[in-house]
Structures are given as structure tokens and as C-alpha cells.
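Chemist: Here's a structure for you.
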Amino acid sequence: MSEQFPNMDYDADEVINGFKERIKWPKAKEVQAVVKPDRVWLRLLISAVVTAVAGGVIYYMMLPAFNFKDTQMYVFIITLIVVFMAAFSFACRANKLLERKEYVKKKSVIPIIIVAVIVVIMAIGWVCGATIFRAGSYSKLMPVTESKFSEDFKSISYDSVPRIDQSRALTLADQQLGSLSEYKSQYVVSNTTTMINYKGNPVRVAYLEYADVFKWFNNTKEGLPAYMIIDLVTQKVTVVNCKEQFGEGIKYSPTELFNEKLIRHIRFQYPTALLDTPNFEINDDGRPYWITPVLDKTIGLFGGTDVKGAIITDALTGESSYYDIEEVRTNTELQWIDVVYSERLVLEQYNYYGKLQNGFWNSIIFQNDVNLASAGSGSIALDDDVWVYTGVTSSEADSSNFGFILCNQRTKETRYYQNGGAMENAAQQSAQDAVQNYGYRAIFPILLDIEGQPTYFMGLYGSSNTVKGYALVNLEDKTIVGTGLLDNTNKSDAQALNAAVENYIYALQDKG
């Protein structure tokens, strides 16, 4: 029997290792020859075509500006290089043949150098614009002039200031849309609004969005049929039917897809512009437009963001025009435009001004004369423009402001007022404490001149997100509070507001 069976006296591990040794893939250092593939020109052409197609898709989605101050442009170029090298590698079958892989590696030296140069340029551009080296330049981005509260605010009447904020305005718009059967199943109200000064009244305008992609397929040919005007004083919502008033719907908006998507439409018209977020506005005739700020990087390559102009796009036809920022500021025909400088940008620039006037290291170590915008901001209509309001406090966690600023969102004119007192959140808390039995909340306050006293004004709202009354809180002494509620005594909004003013004046008199 032993002659019929092979000798089984061997080590299984040795056999397996020997088999692996015979079939293993060679290491790169063991490859003696670098084989150049045939018809390299064809493989390069295929790689270029693949890169062009992929680059077109990436550009369509990414929409970088062809501007050396746009970081996305550099990312886009690096992405194209990576796509080209990946396509060339597959075209040369480098994934199958190691000698081809070594050939592709050798040919990748130049693309790698290009990527390295791009990264170095970006790093140098960033360093040249870093606040640690350019603190003085950053502190001069926003010119600030000192002004007097009693002079600038004397023309503002308490019965003509905004009584609701954006959240409450959206609630009213949603309620109005829900009552319109022809719109409510197809559209929703956009979650952003723009505060403008429309015919002398502070209002917010909101555009509609398609409820979902299926509603877009069903309605995009006709465009969005309407937009909404929310009066911030009367709290009345007006639905403007664009088809009835202008003969066509809104064809270009952020809610569209493909070429009608607003930012893509503008990018194709202005391929080199650095675009900020477009704002929805209407002119004095009620025609809807998109106002897109065009940015510039004024410090280094990527620092010192500022506005150098604005693109005005007709929301119905898509026609666009660019205007330099100086023309926007001075041309009376463009005075209907209210928001060119975003709230985020003006607060950022003021913080640079407040922190870096005495140098970068002072803002961190010594902090002499360092101040910042307080947490939170509001908007107010003044001089036929919209101004951002916020308090000014020290860099430490103080419980009070030592002044406040107003910044014009069309011209960037910034005024500083040396009127110190309670911070906005403290004023909100005082107002809420005065009506704690009702559980009402206070919106972010704005300052008014009541009987010569700087006074915080704010609306009070309940769980239904609707206005339930008003409160006035003294800036210098937050214990001086006057409230007026919508109840059996004050049945109208105007009566509640008048009651708040009367109670506040009584409280002032009690304090002498």
C-alpha cells in the first residue's frame, strides 16, 4: 500500500510560501525596465477628452470664478490635474502592468510640481493677507464716524419702526400662503427674506420656492408666479402676482435647477466676478430683482473682503447689469437698492476696526481700546435706507455696552454713538421678566429716542410666533420698563403700542 501513495512527509507552510513566491507581483524596486506604452499621443488625447468632460461637469456644479483671488479656482485647477493623471494612468494600463506604472510615475513629476507651485502661491497669498502681518490694513476696511443720537434718531417715530423680525415675518408669510389654494400645494415660502425700505415703509420681501423636485418639473416652464411683501409695521402680507402685474413669472431664482439656477446664470454672465449671496429686492414699481454683491479681496490674495460693485438681475427675464459701488452709492436711479453690504460682512469689518486699531498683538495680549460688536444685530429704516444696528462692547464678557453703531447696507456709511447701557440680551430679559406670567418672548431690540431717552424697543410674541404686545426698556437703566399687551383693554396693535409708550413714560417719571 505504501507504494501507491506519495510521500506525505512535507511542511504545508513551505509549500504555500513557495507558491506565493512564484506568483507574487514584483515590487517597484525590482522592476528593471520602464516600458513606454505605444501610441502615447492617443492615450494623451483620450486623457484630455476625459478631463475636459469631467472638468465641465465639475465646473457646472462648483462654479468657481476665473479669478486669482478665488480659492475655488485653485482647487478646480488641482482637481483637473488629478483627473488628467488618473485618466492617463488608466489609459496606459498602469493598474495592470507595473512597468507602465513606473512610466506614469516618471511622467507625473511635472503635474506634481505644478500642484506644488499652486499650493505655494496660495500659502504666500494667505500669509500676505494674514491679520498678524496686516492688522493696520484690516482696521481701515471700515471708516467709522462718531455721531449724535439725539440728532439722528429724532426723526424716527416709534409707530413707524419694524415691529417684527425675520422669523415672525416668515410665520405671517407662511400663514398667508396657506390661505391661497392656488399656491399652497405647489410652493413654499423661502426661508430667507430681505428687509428693504419700500415707498418709505420698512418691509421684508420673500420669494417662493418649489415645494419639491416634482413641483419644479410641473411649474418651471412658467416660473414662480408670485412673491410676498410683509409690512413690518402693520404686519400685513401682500401677495404680488407677477403673471398678472408683469405678464410673466420669476424664471431665475435659487430654487431653480440647471441654467435657470440664479447663481449659475450669473456666473455664466460674469465668469471672473467674486459673487456674494444674491438678495431678493423690488424696485419702486414692485418689479422683482436680484442684487448680487461683487466682492474684492483687498489684502493679500484672499484677505480683506470688501464690495466693489453689484450685479442687478431682472428676476423675470434674467437680464443683468453691473454697477461699480460708487455708482450704487451716488446714482439716484439706483437708490431703491437697499442691501449691497451683507450684515455678516459689515459686522466682520467693524470687528476688524475695533480689534486691530492698535495692532495684532495688542488685540490678544494688552487689549487696549479693543472693542467688538455685541452678540446679535437688528435692522432699522433711516434716511430711506436700511441700516444694521448692533451694540459695541469690550473684548471681555461684559454685561453692558458702551456704545452702538449703525451701518448703511447700501453705502457702508458707519456711525458710532457713545450711548452706553444695558446689552441687548439684558434688555430682552428685562422685557420678558415684566410679562413672565404670560411666558412671552422678546425679539432682538432696536434703539429709539423716547422723550429724549435712548430706549430699546421690541415686540413680544407667544408660542404661536405671533405678536402679543410691545415693550420699551431704558438703555441706561434696564429696570425702567413699559409694556403694552394685546388684551381686552388694548384690542388693537396700535392701542397696545401706545399703552407701552405711556407706561414707559410713567416709569421714566417715577425714576425722576
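Chain labels follow the order of the C-alpha cells: the first chain is A, the next B, and so on; residue numbering restarts at 1 in every chain, and ligands are counted from 1 in their shown order.
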Could you produce a table of the residues of stretch 399-453 of chain A lying within 12 Å of stretch 317-327 of chain A, with the nearest pair of atoms per residue and their separation in Å rounded to one decimal, using only C-alpha atoms, ordered by chain and increasing residue number, as a Markdown table?

Modeler:
```
| residue | atom | partner | partner_atom | distance |
| --- | --- | --- | --- | --- |
| A:Gln409 | CA | A:Ile325 | CA | 11.8 |
| A:Arg410 | CA | A:Ile325 | CA | 8.9 |
| A:Thr411 | CA | A:Ile325 | CA | 8.1 |
| A:Lys412 | CA | A:Ile325 | CA | 10.2 |
```

Chemist: Please tabulate, as a tab-separated table, the residues of stretch 359-448 of chain A that come within 6 Å of stretch 464-482 of chain A, each with its closest pair of atoms and the distance in Å to one decimal, counting only C-alpha atoms and ordering rows by chain, then residue number upward.

Modeler:
```
residue	atom	partner	partner_atom	distance
A:Gly421	CA	A:Glu476	CA	4.3
A:Ala422	CA	A:Leu475	CA	5.6
A:Ala431	CA	A:Ala471	CA	6.0
```

Chemist: Which polymer residues have any atom within 10 Å of an atom of A:Leu224, counting only C-alpha atoms, with same-chain residues fewer than 6 positions away left out, as a JSON list (two decimals) with N, CA and C atoms, in the first residue's frame?

Modeler:
```json
[["chain", "number", "residue", "atom", "x", "y", "z"],
["A", 183, "TYR", "N", -51.65, 78.26, -4.63],
["A", 183, "TYR", "CA", -50.21, 78.25, -4.42],
["A", 183, "TYR", "C", -49.75, 77.19, -3.43],
["A", 186, "GLN", "N", -48.12, 73.77, -4.33],
["A", 186, "GLN", "CA", -47.01, 73.76, -5.28],
["A", 186, "GLN", "C", -45.77, 74.50, -4.77],
["A", 187, "TYR", "N", -45.95, 75.44, -3.85],
["A", 187, "TYR", "CA", -44.84, 76.30, -3.46],
["A", 187, "TYR", "C", -44.76, 76.43, -1.95],
["A", 207, "TYR", "N", -39.45, 85.54, -1.62],
["A", 207, "TYR", "CA", -39.82, 84.85, -2.85],
["A", 207, "TYR", "C", -40.31, 83.44, -2.52],
["A", 208, "LEU", "N", -40.95, 82.82, -3.46],
["A", 208, "LEU", "CA", -41.45, 81.46, -3.27],
["A", 208, "LEU", "C", -40.42, 80.45, -3.79],
["A", 209, "GLU", "N", -40.54, 79.23, -3.32],
["A", 209, "GLU", "CA", -39.72, 78.12, -3.79],
["A", 209, "GLU", "C", -40.64, 76.97, -4.18],
["A", 210, "TYR", "N", -40.17, 76.13, -5.09],
["A", 210, "TYR", "CA", -40.93, 74.93, -5.44],
["A", 210, "TYR", "C", -40.92, 73.98, -4.26],
["A", 216, "TRP", "N", -41.20, 71.30, -9.24],
["A", 216, "TRP", "CA", -40.35, 72.06, -10.17],
["A", 216, "TRP", "C", -40.60, 71.61, -11.60],
["A", 241, "ASN", "N", -48.83, 89.02, -7.57],
["A", 241, "ASN", "CA", -48.89, 88.06, -8.66],
["A", 241, "ASN", "C", -48.11, 88.60, -9.85],
["A", 242, "CYS", "N", -46.95, 88.04, -10.11],
["A", 242, "CYS", "CA", -46.08, 88.55, -11.19],
["A", 242, "CYS", "C", -46.70, 88.34, -12.56],
["A", 243, "LYS", "N", -47.42, 87.26, -12.75],
["A", 243, "LYS", "CA", -48.04, 87.00, -14.05],
["A", 243, "LYS", "C", -49.08, 88.05, -14.38],
["A", 248, "GLU", "N", -45.38, 87.73, -16.68],
["A", 248, "GLU", "CA", -44.58, 86.51, -16.61],
["A", 248, "GLU", "C", -44.13, 86.26, -15.18],
["A", 249, "GLY", "N", -43.75, 85.01, -14.93],
["A", 249, "GLY", "CA", -43.31, 84.64, -13.59],
["A", 249, "GLY", "C", -41.82, 84.84, -13.41],
["A", 250, "ILE", "N", -41.34, 84.55, -12.19],
["A", 250, "ILE", "CA", -39.92, 84.67, -11.86],
["A", 250, "ILE", "C", -39.21, 83.43, -12.41],
["A", 251, "LYS", "N", -38.40, 83.62, -13.45],
["A", 251, "LYS", "CA", -37.75, 82.50, -14.13],
["A", 251, "LYS", "C", -36.38, 82.16, -13.53],
["A", 252, "TYR", "N", -35.78, 83.09, -12.82],
["A", 252, "TYR", "CA", -34.43, 82.87, -12.29],
["A", 252, "TYR", "C", -34.44, 83.06, -10.77],
["A", 253, "SER", "N", -34.08, 82.01, -10.05],
["A", 253, "SER", "CA", -34.09, 82.06, -8.59],
["A", 253, "SER", "C", -33.19, 80.95, -8.05],
["A", 255, "THR", "N", -34.01, 78.55, -6.30],
["A", 255, "THR", "CA", -34.72, 77.27, -6.25],
["A", 255, "THR", "C", -34.80, 76.57, -7.59],
["A", 256, "GLU", "N", -34.36, 77.24, -8.67],
["A", 256, "GLU", "CA", -34.36, 76.61, -9.99],
["A", 256, "GLU", "C", -33.21, 75.61, -10.11],
["A", 315, "ALA", "N", -35.36, 89.42, -12.23],
["A", 315, "ALA", "CA", -35.77, 88.07, -11.85],
["A", 315, "ALA", "C", -36.71, 87.45, -12.87],
["A", 316, "LEU", "N", -37.34, 88.27, -13.72],
["A", 316, "LEU", "CA", -38.29, 87.75, -14.71],
["A", 316, "LEU", "C", -37.60, 87.37, -16.01]]
```

Chemist: Nearest residue to A:Val307 out of A:Tyr341, A:Phe246, A:Tyr440, A:Tyr350, using only C-alpha atoms?

Modeler: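 Smallest separation from A:Val307 among the options: A:Tyr341.
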
Chemist: Which polymer residues have any atom within 12 Å of an atom of A:Ala86, counting only C-alpha atoms, with same-chain residues fewer than 3 positions away left out, as a ChimeraX atom specification?

Modeler: /A:43-44,46-48,50-51,54,79-83,89-95,101,104-105,108,111

Chemist: Under the rule that only C-alpha atoms are counted, which of A:Gly459, A:Ser377, A:Thr298, A:Phe76 is the nearest residue to A:Val57?

Modeler: A:Phe76

Chemist: Contacts of stretch 61-65 of chain A at 8 Å or less, counting only C-alpha atoms, minus same-chain residues fewer than 5 places along, as a list in words?

Modeler: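 Surrounding residues, per the criterion: Asp70, Gln72, Met73, Phe76, Arg264, Arg267, Pro271, Thr272, Ala273 and Leu274 of chain A.
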
Chemist: Need the shell around stretch 280-285 of chain A: protein/DNA/RNA residues with any atom at most 7 Å away, counting only C-alpha atoms. Skip same-chain ones fewer than 2 positions apart. Format as a PyMOL selection string?

Modeler: chain A and resi 194+198-199+205+278+287-291+336

Chemist: Near A:Val189, within 10 Å and counting only C-alpha atoms, which residues show up once chain neighbours fewer than 6 positions away are dropped, as a count of residues only?

Modeler: 15

Chemist: Could the residues of stretch 135-195 of chain A that have an atom at most 12 Å from stretch 344-347 of chain A be listed as CSV, each with its closest atom pair and the distance in Å to one decimal, counting only C-alpha atoms and ordered by chain and ascending residue number?

Modeler:
```
residue,atom,partner,partner_atom,distance
A:Leu141,CA,A:Val346,CA,9.7
A:Met142,CA,A:Val346,CA,8.0
A:Pro143,CA,A:Val346,CA,11.0
A:Val144,CA,A:Val346,CA,11.4
```

Chemist: Report, in Å with one decimal, the straight-line distance from atom CA of A:Thr393 to atom CA of A:Glu413.

Modeler: 20.0 Å

Chemist: If you run DSSP on the backbone here, which positions in stretch 23-263 of chain A get strand (DSSP E)? Please write them as number ranges by chain.

Modeler: A: 144-146, 187-189, 194-198, 201-210, 226-231, 237-241

Chemist: Output C-alpha atoms for every residue in that selection, as a PDB file, in the first residue's frame.

Modeler:
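What landed in out08.pdb:
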```pdb
ATOM      1  CA  VAL A 144     -16.309 104.912  11.266  1.00  0.00           C
ATOM      2  CA  THR A 145     -17.533 108.391  12.156  1.00  0.00           C
ATOM      3  CA  GLU A 146     -18.908 109.489  15.517  1.00  0.00           C
ATOM      4  CA  TYR A 187     -44.843  76.304  -3.461  1.00  0.00           C
ATOM      5  CA  VAL A 188     -43.373  77.192  -0.085  1.00  0.00           C
ATOM      6  CA  VAL A 189     -42.037  80.498   1.232  1.00  0.00           C
ATOM      7  CA  THR A 194     -34.666  90.848   2.622  1.00  0.00           C
ATOM      8  CA  MET A 195     -35.547  93.930   4.627  1.00  0.00           C
ATOM      9  CA  ILE A 196     -35.938  96.950   2.352  1.00  0.00           C
ATOM     10  CA  ASN A 197     -37.358 100.463   2.524  1.00  0.00           C
ATOM     11  CA  TYR A 198     -40.296 100.276   0.118  1.00  0.00           C
ATOM     12  CA  ASN A 201     -42.080 101.819   4.755  1.00  0.00           C
ATOM     13  CA  PRO A 202     -39.879  99.102   6.266  1.00  0.00           C
ATOM     14  CA  VAL A 203     -40.914  95.798   4.711  1.00  0.00           C
ATOM     15  CA  ARG A 204     -39.491  92.351   4.097  1.00  0.00           C
ATOM     16  CA  VAL A 205     -39.805  90.700   0.699  1.00  0.00           C
ATOM     17  CA  ALA A 206     -39.839  86.934   0.291  1.00  0.00           C
ATOM     18  CA  TYR A 207     -39.822  84.846  -2.853  1.00  0.00           C
ATOM     19  CA  LEU A 208     -41.446  81.464  -3.274  1.00  0.00           C
ATOM     20  CA  GLU A 209     -39.722  78.123  -3.794  1.00  0.00           C
ATOM     21  CA  TYR A 210     -40.927  74.932  -5.444  1.00  0.00           C
ATOM     22  CA  ALA A 226     -45.591  85.494  -7.121  1.00  0.00           C
ATOM     23  CA  TYR A 227     -43.637  86.985  -4.241  1.00  0.00           C
ATOM     24  CA  MET A 228     -44.678  88.406  -0.865  1.00  0.00           C
ATOM     25  CA  ILE A 229     -44.337  91.780   0.826  1.00  0.00           C
ATOM     26  CA  ILE A 230     -44.548  91.712   4.632  1.00  0.00           C
ATOM     27  CA  ASP A 231     -45.101  95.154   6.129  1.00  0.00           C
ATOM     28  CA  VAL A 237     -48.838  90.461   3.975  1.00  0.00           C
ATOM     29  CA  THR A 238     -49.354  91.318   0.305  1.00  0.00           C
ATOM     30  CA  VAL A 239     -49.045  88.656  -2.378  1.00  0.00           C
ATOM     31  CA  VAL A 240     -47.866  90.169  -5.674  1.00  0.00           C
ATOM     32  CA  ASN A 241     -48.890  88.056  -8.658  1.00  0.00           C
TER      33      ASN A 241
END
```

Chemist: Could you please write out, as a ChimeraX atom specification, every residue of stretch 142-218 of chain A that DSSP assigns to helix (DSSP H, G or I)?

Modeler: /A:149-152,158-160,166-178,181-184,213-218

Chemist: Work out how far atom CA of A:Leu262 is from atom CA of A:Tyr59, in Å to one decimal.

Modeler: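 Atom CA of A:Tyr59 sits 15.3 Å away from atom CA of A:Leu262.
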
Chemist: For atom CA of A:Asp314 and atom CA of A:Ser379, quote the distance in Å rounded to one decimal.

Modeler: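 So the two atoms, atom CA of A:Asp314 and atom CA of A:Ser379, lie 25.4 Å apart.
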